[in-house]
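Coordinates from coords-v8.csv are shown below (CSV, C-alpha atoms and all ligand atoms).
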chain,number,residue,atom,x,y,z
A,60,MET,CA,9.7,16.1,-16.3
A,61,ARG,CA,9.0,12.4,-15.4
A,62,THR,CA,12.0,11.3,-17.4
A,63,VAL,CA,14.3,13.9,-15.9
A,64,GLY,CA,13.1,12.7,-12.5
A,65,LEU,CA,13.9,9.1,-13.3
A,66,ILE,CA,17.3,9.9,-14.6
A,67,LEU,CA,18.0,11.9,-11.5
A,68,PHE,CA,16.7,9.1,-9.4
A,69,CYS,CA,19.1,6.6,-11.1
A,70,LEU,CA,22.1,9.0,-10.6
A,71,LEU,CA,21.2,9.5,-7.0
A,72,PHE,CA,20.6,5.8,-6.5
A,73,ASN,CA,24.0,5.0,-7.8
A,74,ASP,CA,25.3,7.6,-5.5
A,75,SER,CA,23.7,5.4,-2.7
A,76,VAL,CA,21.5,8.2,-1.4
A,77,PHE,CA,18.7,5.8,-1.5
A,78,ALA,CA,20.7,2.8,-0.2
A,79,GLY,CA,18.7,2.8,3.0
A,80,LEU,CA,15.5,2.0,1.2
A,81,SER,CA,14.5,-1.7,1.2
A,82,GLY,CA,11.5,-3.9,1.5
A,83,CYS,CA,9.4,-1.7,-0.7
A,84,ASP,CA,5.9,-3.1,-1.6
A,85,ASP,CA,5.7,-4.0,-5.3
A,86,LEU,CA,2.8,-2.0,-6.9
A,87,SER,CA,3.7,-2.7,-10.5
A,88,THR,CA,0.7,-5.0,-11.0
A,89,ILE,CA,-1.8,-2.4,-9.9
A,90,ALA,CA,-3.0,-0.5,-12.9
A,91,GLU,CA,-3.0,3.3,-12.9
A,92,THR,CA,-6.2,4.9,-11.7
A,93,PRO,CA,-6.9,7.9,-14.1
A,94,ALA,CA,-7.7,11.4,-12.8
A,95,VAL,CA,-7.0,10.7,-9.1
A,96,ASP,CA,-8.5,13.6,-7.0
A,97,MET,CA,-6.8,15.0,-3.9
A,98,SER,CA,-9.9,15.8,-1.9
A,99,THR,CA,-12.1,12.8,-2.8
A,100,ASP,CA,-9.4,10.1,-3.2
A,101,ILE,CA,-6.3,11.0,-1.2
A,102,GLN,CA,-7.6,13.2,1.7
A,103,PRO,CA,-9.8,10.3,3.1
A,104,ILE,CA,-6.7,8.0,3.2
A,105,PHE,CA,-4.8,10.7,5.2
A,106,GLU,CA,-7.8,11.3,7.5
A,107,ALA,CA,-8.1,7.5,8.3
A,108,ASN,CA,-4.4,6.8,8.8
A,109,CYS,CA,-2.3,10.0,9.3
A,110,THR,CA,-4.0,13.0,10.8
A,111,THR,CA,-4.1,11.9,14.4
A,112,CYS,CA,-0.3,12.6,14.4
A,113,HIS,CA,0.1,14.9,11.3
A,114,GLY,CA,-2.7,17.3,12.2
A,115,PRO,CA,-3.4,20.3,14.5
A,116,PRO,CA,-2.6,21.6,17.0
A,117,ASP,CA,1.0,20.5,16.8
A,118,PRO,CA,1.5,18.4,13.6
A,119,ILE,CA,4.5,15.9,13.9
A,120,ALA,CA,7.4,16.8,11.6
A,121,PHE,CA,5.6,20.2,11.0
A,122,MET,CA,3.5,18.4,8.4
A,123,ASP,CA,-0.3,19.0,8.6
A,124,LEU,CA,-2.1,16.4,6.4
A,125,THR,CA,-5.6,17.8,7.2
A,126,HIS,CA,-5.5,20.4,4.4
A,127,GLY,CA,-4.7,18.6,1.2
A,128,ALA,CA,-1.6,19.3,-0.8
A,129,GLN,CA,-0.5,22.5,1.0
A,130,ASP,CA,2.2,21.1,3.3
A,131,ILE,CA,3.5,18.4,1.0
A,132,VAL,CA,3.6,19.2,-2.7
A,133,ALA,CA,6.9,20.8,-3.6
A,134,VAL,CA,7.7,21.2,0.1
A,135,PRO,CA,11.1,19.8,1.2
A,136,SER,CA,11.1,17.0,3.7
A,137,PHE,CA,12.0,17.9,7.3
A,138,GLN,CA,13.8,14.7,7.8
A,139,PHE,CA,15.5,14.4,4.4
A,140,PRO,CA,15.6,17.9,2.9
A,141,GLU,CA,17.3,16.6,-0.3
A,142,LEU,CA,13.8,15.4,-1.4
A,143,ASN,CA,10.5,17.1,-1.5
A,144,ARG,CA,7.7,15.4,0.4
A,145,VAL,CA,5.9,15.2,-2.9
A,146,GLU,CA,7.7,16.0,-6.1
A,147,PRO,CA,5.0,17.0,-8.6
A,148,GLY,CA,4.7,14.4,-11.4
A,149,THR,CA,7.5,12.1,-10.1
A,150,VAL,CA,6.7,9.5,-7.5
A,151,SER,CA,10.3,8.1,-7.6
A,152,MET,CA,11.5,11.4,-6.1
A,153,SER,CA,8.8,11.8,-3.5
A,154,TYR,CA,9.8,11.3,0.1
A,155,LEU,CA,6.3,10.8,1.4
A,156,PHE,CA,5.8,7.9,-1.0
A,157,PHE,CA,8.9,6.1,0.3
A,158,LYS,CA,7.6,6.6,3.8
A,159,ILE,CA,4.4,4.7,3.1
A,160,ASN,CA,5.9,2.1,0.6
A,161,CYS,CA,9.1,0.8,2.2
A,162,ASN,CA,10.0,-1.0,5.4
A,163,GLY,CA,13.7,0.1,5.3
A,164,GLN,CA,13.8,4.0,5.5
A,165,LEU,CA,16.3,6.7,4.8
A,166,SER,CA,15.3,8.2,8.2
A,167,GLY,CA,12.8,7.2,10.9
A,168,ASN,CA,10.0,4.6,10.5
A,169,ARG,CA,7.6,3.4,7.9
A,170,MET,CA,4.3,5.3,8.0
A,171,PRO,CA,1.7,5.1,9.3
A,172,ARG,CA,3.7,4.7,12.5
A,173,GLU,CA,2.6,2.1,15.0
A,174,ALA,CA,0.1,0.7,12.5
A,175,PRO,CA,0.2,-1.8,9.6
A,176,PRO,CA,1.2,-0.5,6.2
A,177,LEU,CA,-1.4,1.1,4.0
A,178,ARG,CA,-3.4,-1.3,1.7
A,179,LEU,CA,-1.6,-1.7,-1.6
A,180,ALA,CA,-4.6,-0.2,-3.4
A,181,ASP,CA,-4.2,3.0,-1.3
A,182,GLN,CA,-0.5,3.1,-1.8
A,183,ALA,CA,-1.1,2.9,-5.6
A,184,LEU,CA,-3.7,5.7,-5.4
A,185,ILE,CA,-1.1,7.9,-3.8
A,186,ARG,CA,1.4,6.9,-6.4
A,187,ASP,CA,-1.0,7.8,-9.2
A,188,TRP,CA,-2.0,11.1,-7.6
A,189,ILE,CA,1.7,12.2,-7.3
A,190,ASN,CA,2.5,11.1,-10.9
A,191,GLN,CA,-0.6,13.0,-12.2
A,192,ILE,CA,0.1,16.3,-10.5
A,193,LEU,CA,0.6,19.0,-13.2
A,194,ILE,CA,2.6,22.1,-12.7
A,195,PHE,CA,1.4,25.4,-13.9
A,196,LYS,CA,3.1,28.8,-14.0
A,197,ASP,CA,1.2,29.9,-11.0
A,198,GLY,CA,1.1,26.8,-8.9
A,199,PHE,CA,0.0,23.2,-9.2
A,200,GLU,CA,-3.2,21.3,-9.6
B,301,LIG,C1,1.3,7.5,15.5
B,301,LIG,C2,1.7,8.7,14.9
B,301,LIG,C3,1.9,8.8,13.4
B,301,LIG,C4,1.0,8.4,12.4
B,301,LIG,C5,-0.4,7.8,12.5
B,301,LIG,C6,1.6,8.8,11.1
B,301,LIG,N1,2.8,9.4,11.3
B,301,LIG,FE1,4.1,10.1,9.9
B,301,LIG,N2,5.5,10.6,11.3
B,301,LIG,C7,5.3,10.3,12.7
B,301,LIG,C8,6.6,10.6,13.4
B,301,LIG,C9,6.8,10.4,14.9
B,301,LIG,C10,7.5,11.0,12.4
B,301,LIG,C11,9.0,11.3,12.6
B,301,LIG,C12,9.8,10.0,13.0
B,301,LIG,C13,9.7,8.9,12.0
B,301,LIG,O1,9.9,9.1,10.8
B,301,LIG,O2,9.5,7.8,12.4
B,301,LIG,C14,6.8,11.0,11.1
B,301,LIG,C15,7.3,11.4,9.9
B,301,LIG,C16,6.6,11.4,8.7
B,301,LIG,C17,7.1,11.9,7.5
B,301,LIG,C18,8.4,12.6,7.3
B,301,LIG,C19,8.1,14.1,7.2
B,301,LIG,C20,9.2,15.0,6.7
B,301,LIG,O3,8.9,16.1,6.3
B,301,LIG,O4,10.4,14.5,6.7
B,301,LIG,C21,6.2,11.6,6.5
B,301,LIG,C22,6.3,12.0,5.0
B,301,LIG,C23,5.1,11.0,7.2
B,301,LIG,N3,5.4,10.8,8.5
B,301,LIG,C24,3.9,10.6,6.5
B,301,LIG,C25,2.9,9.9,7.1
B,301,LIG,C26,1.7,9.5,6.4
B,301,LIG,C27,1.5,9.7,4.9
B,301,LIG,C28,0.9,8.9,7.4
B,301,LIG,C29,-0.4,8.2,7.1
B,301,LIG,C30,-0.4,7.1,6.1
B,301,LIG,C31,1.6,9.0,8.6
B,301,LIG,N4,2.8,9.6,8.5
B,301,LIG,C32,1.0,8.6,9.9
B,301,LIG,C33,4.2,9.9,13.3
B,301,LIG,C34,3.1,9.4,12.7

Represent the supplied structure as structure tokens.
Amino acid sequence: MRTVGLILFCLLFNDSVFAGLSGCDDLSTIAETPAVDMSTDIQPIFEANCTTCHGPPDPIAFMDLTHGAQDIVAVPSFQFPELNRVEPGTVSMSYLFFKINCNGQLSGNRMPREAPPLRLADQALIRDWINQILIFKDGFE
């Protein structure tokens, strides 16, 4: 799955779909955190940085980040529907990750909007969470 995603990413990249992405923070020196948990590791990052805008009653971009994975995993981006917000298991195909990792965007601004970028450690946790999502027949975990 991850390999297929990477191959797709390279093909798309050559096709310049990702040409707008630039100034992405380098997380390669941050080791993978094993067993990242949505509710205890990721949800607090969203609550601290995102949910004032992406929360009830009228979440911006129709994306509510107050309830975990529901609005993001395997859900197409509103701005850039060619990509899912979070592609399970493949950070390199996940629009939400680009939104927090890169200055130059495919569409709109880097997130969190009107605030400094997320700490590299938090970006890396989101990276690891996405890469660790497993898909099952009846959903994802
Ligand atoms: C101050 C308000 C604000 C905050 C805080 C904020 N956003 Fe956004 N977000 C927006 C706006 C406005 C847009 C649409 C315009 C743009 O992209 O600049 C958007 C768009 C997005 C999109 C695109 C959604 C789609 O389906 O295409 C993603 C992903 C996103 N934000 C993620 C985040 C994350 C993750 C955080 C926290 C780390 C965050 N945002 C914090 C206002 C905000």

*asked:* Need the shell around Ala120 (chain A): protein/DNA/RNA residues with any atom at most 8 Å away, counting only C-alpha atoms. Skip same-chain ones fewer than 4 positions apart. Format as a list in words?
replied: His113, Phe137 and Gln138 of chain A

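Listed by chain and then residue number, the contacts of ligand LIG 301 (chain B) are Phe105, Asn108, Cys109, Thr111, Cys112, Ile119, Ala120, Ser136, Phe137, Gln138, Phe139, Arg144, Leu155, Lys158, Gly167, Asn168, Met170, Pro171, Arg172 and Glu173 of chain A (distance at most 6 Å, using all atoms listed in the file).
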
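Residues lying within 8 Å of region 96-98 of chain A, counting only C-alpha atoms and ignoring same-chain neighbours fewer than 2 positions away, are Ala94, Asp100, Ile101, Gln102, Pro103, Gly127, Ala128 and Trp188 of chain A.
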
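Interatomic distance, CA of Gln164 (chain A) against CA of Asp84 (chain A): 12.8 Å.
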
*Counting all atoms listed in the file, what is within 12 Å of Leu184 (chain A), bar same-chain residues fewer than 3 positions away, as JSON, numbers by chain?*
{"A": [86, 89, 90, 91, 92, 93, 94, 95, 96, 97, 99, 100, 101, 102, 103, 104, 105, 150, 156, 159, 160, 177, 178, 179, 180, 181, 187, 188, 189, 190, 191]}

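Across the model, the gap from CA of Pro176 (chain A) to CA of Phe157 (chain A) is 11.7 Å.
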
*Show which residues sit within 6 Å of Thr110 (chain A), as a list of chain:residue names. Count all atoms listed in the file, and ignore same-chain residues fewer than 4 positions away.*
A:Glu106, A:Gly114, A:Leu124

Write the selection just made, keeping C-alpha atoms, as a PDB file, keeping the file's coordinate frame?
ATOM      1  CA  GLU A 106      -7.800  11.300   7.500  1.00  0.00           C
ATOM      2  CA  GLY A 114      -2.700  17.300  12.200  1.00  0.00           C
ATOM      3  CA  LEU A 124      -2.100  16.400   6.400  1.00  0.00           C
TER       4      LEU A 124
END

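For the atom pair formed by CA of Val132 (chain A) and CA of Ser153 (chain A), the distance is 9.1 Å, given to one decimal.
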
Where's the centre, and what are the edge lengths in Å to one decimal, of a box along x, y and z enclosing all listed atoms of region 131-134 of chain A padded 6 Å per side, as lines of an AutoDock Vina configuration file?
center_x = 5.6
center_y = 19.8
center_z = -1.3
size_x = 16.2
size_y = 14.8
size_z = 16.6

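Comparing A:Ala174, A:Pro118, A:Asn162, A:Tyr154 by their smallest distance to Ala133 (chain A), the closest is A:Tyr154 (using only C-alpha atoms).
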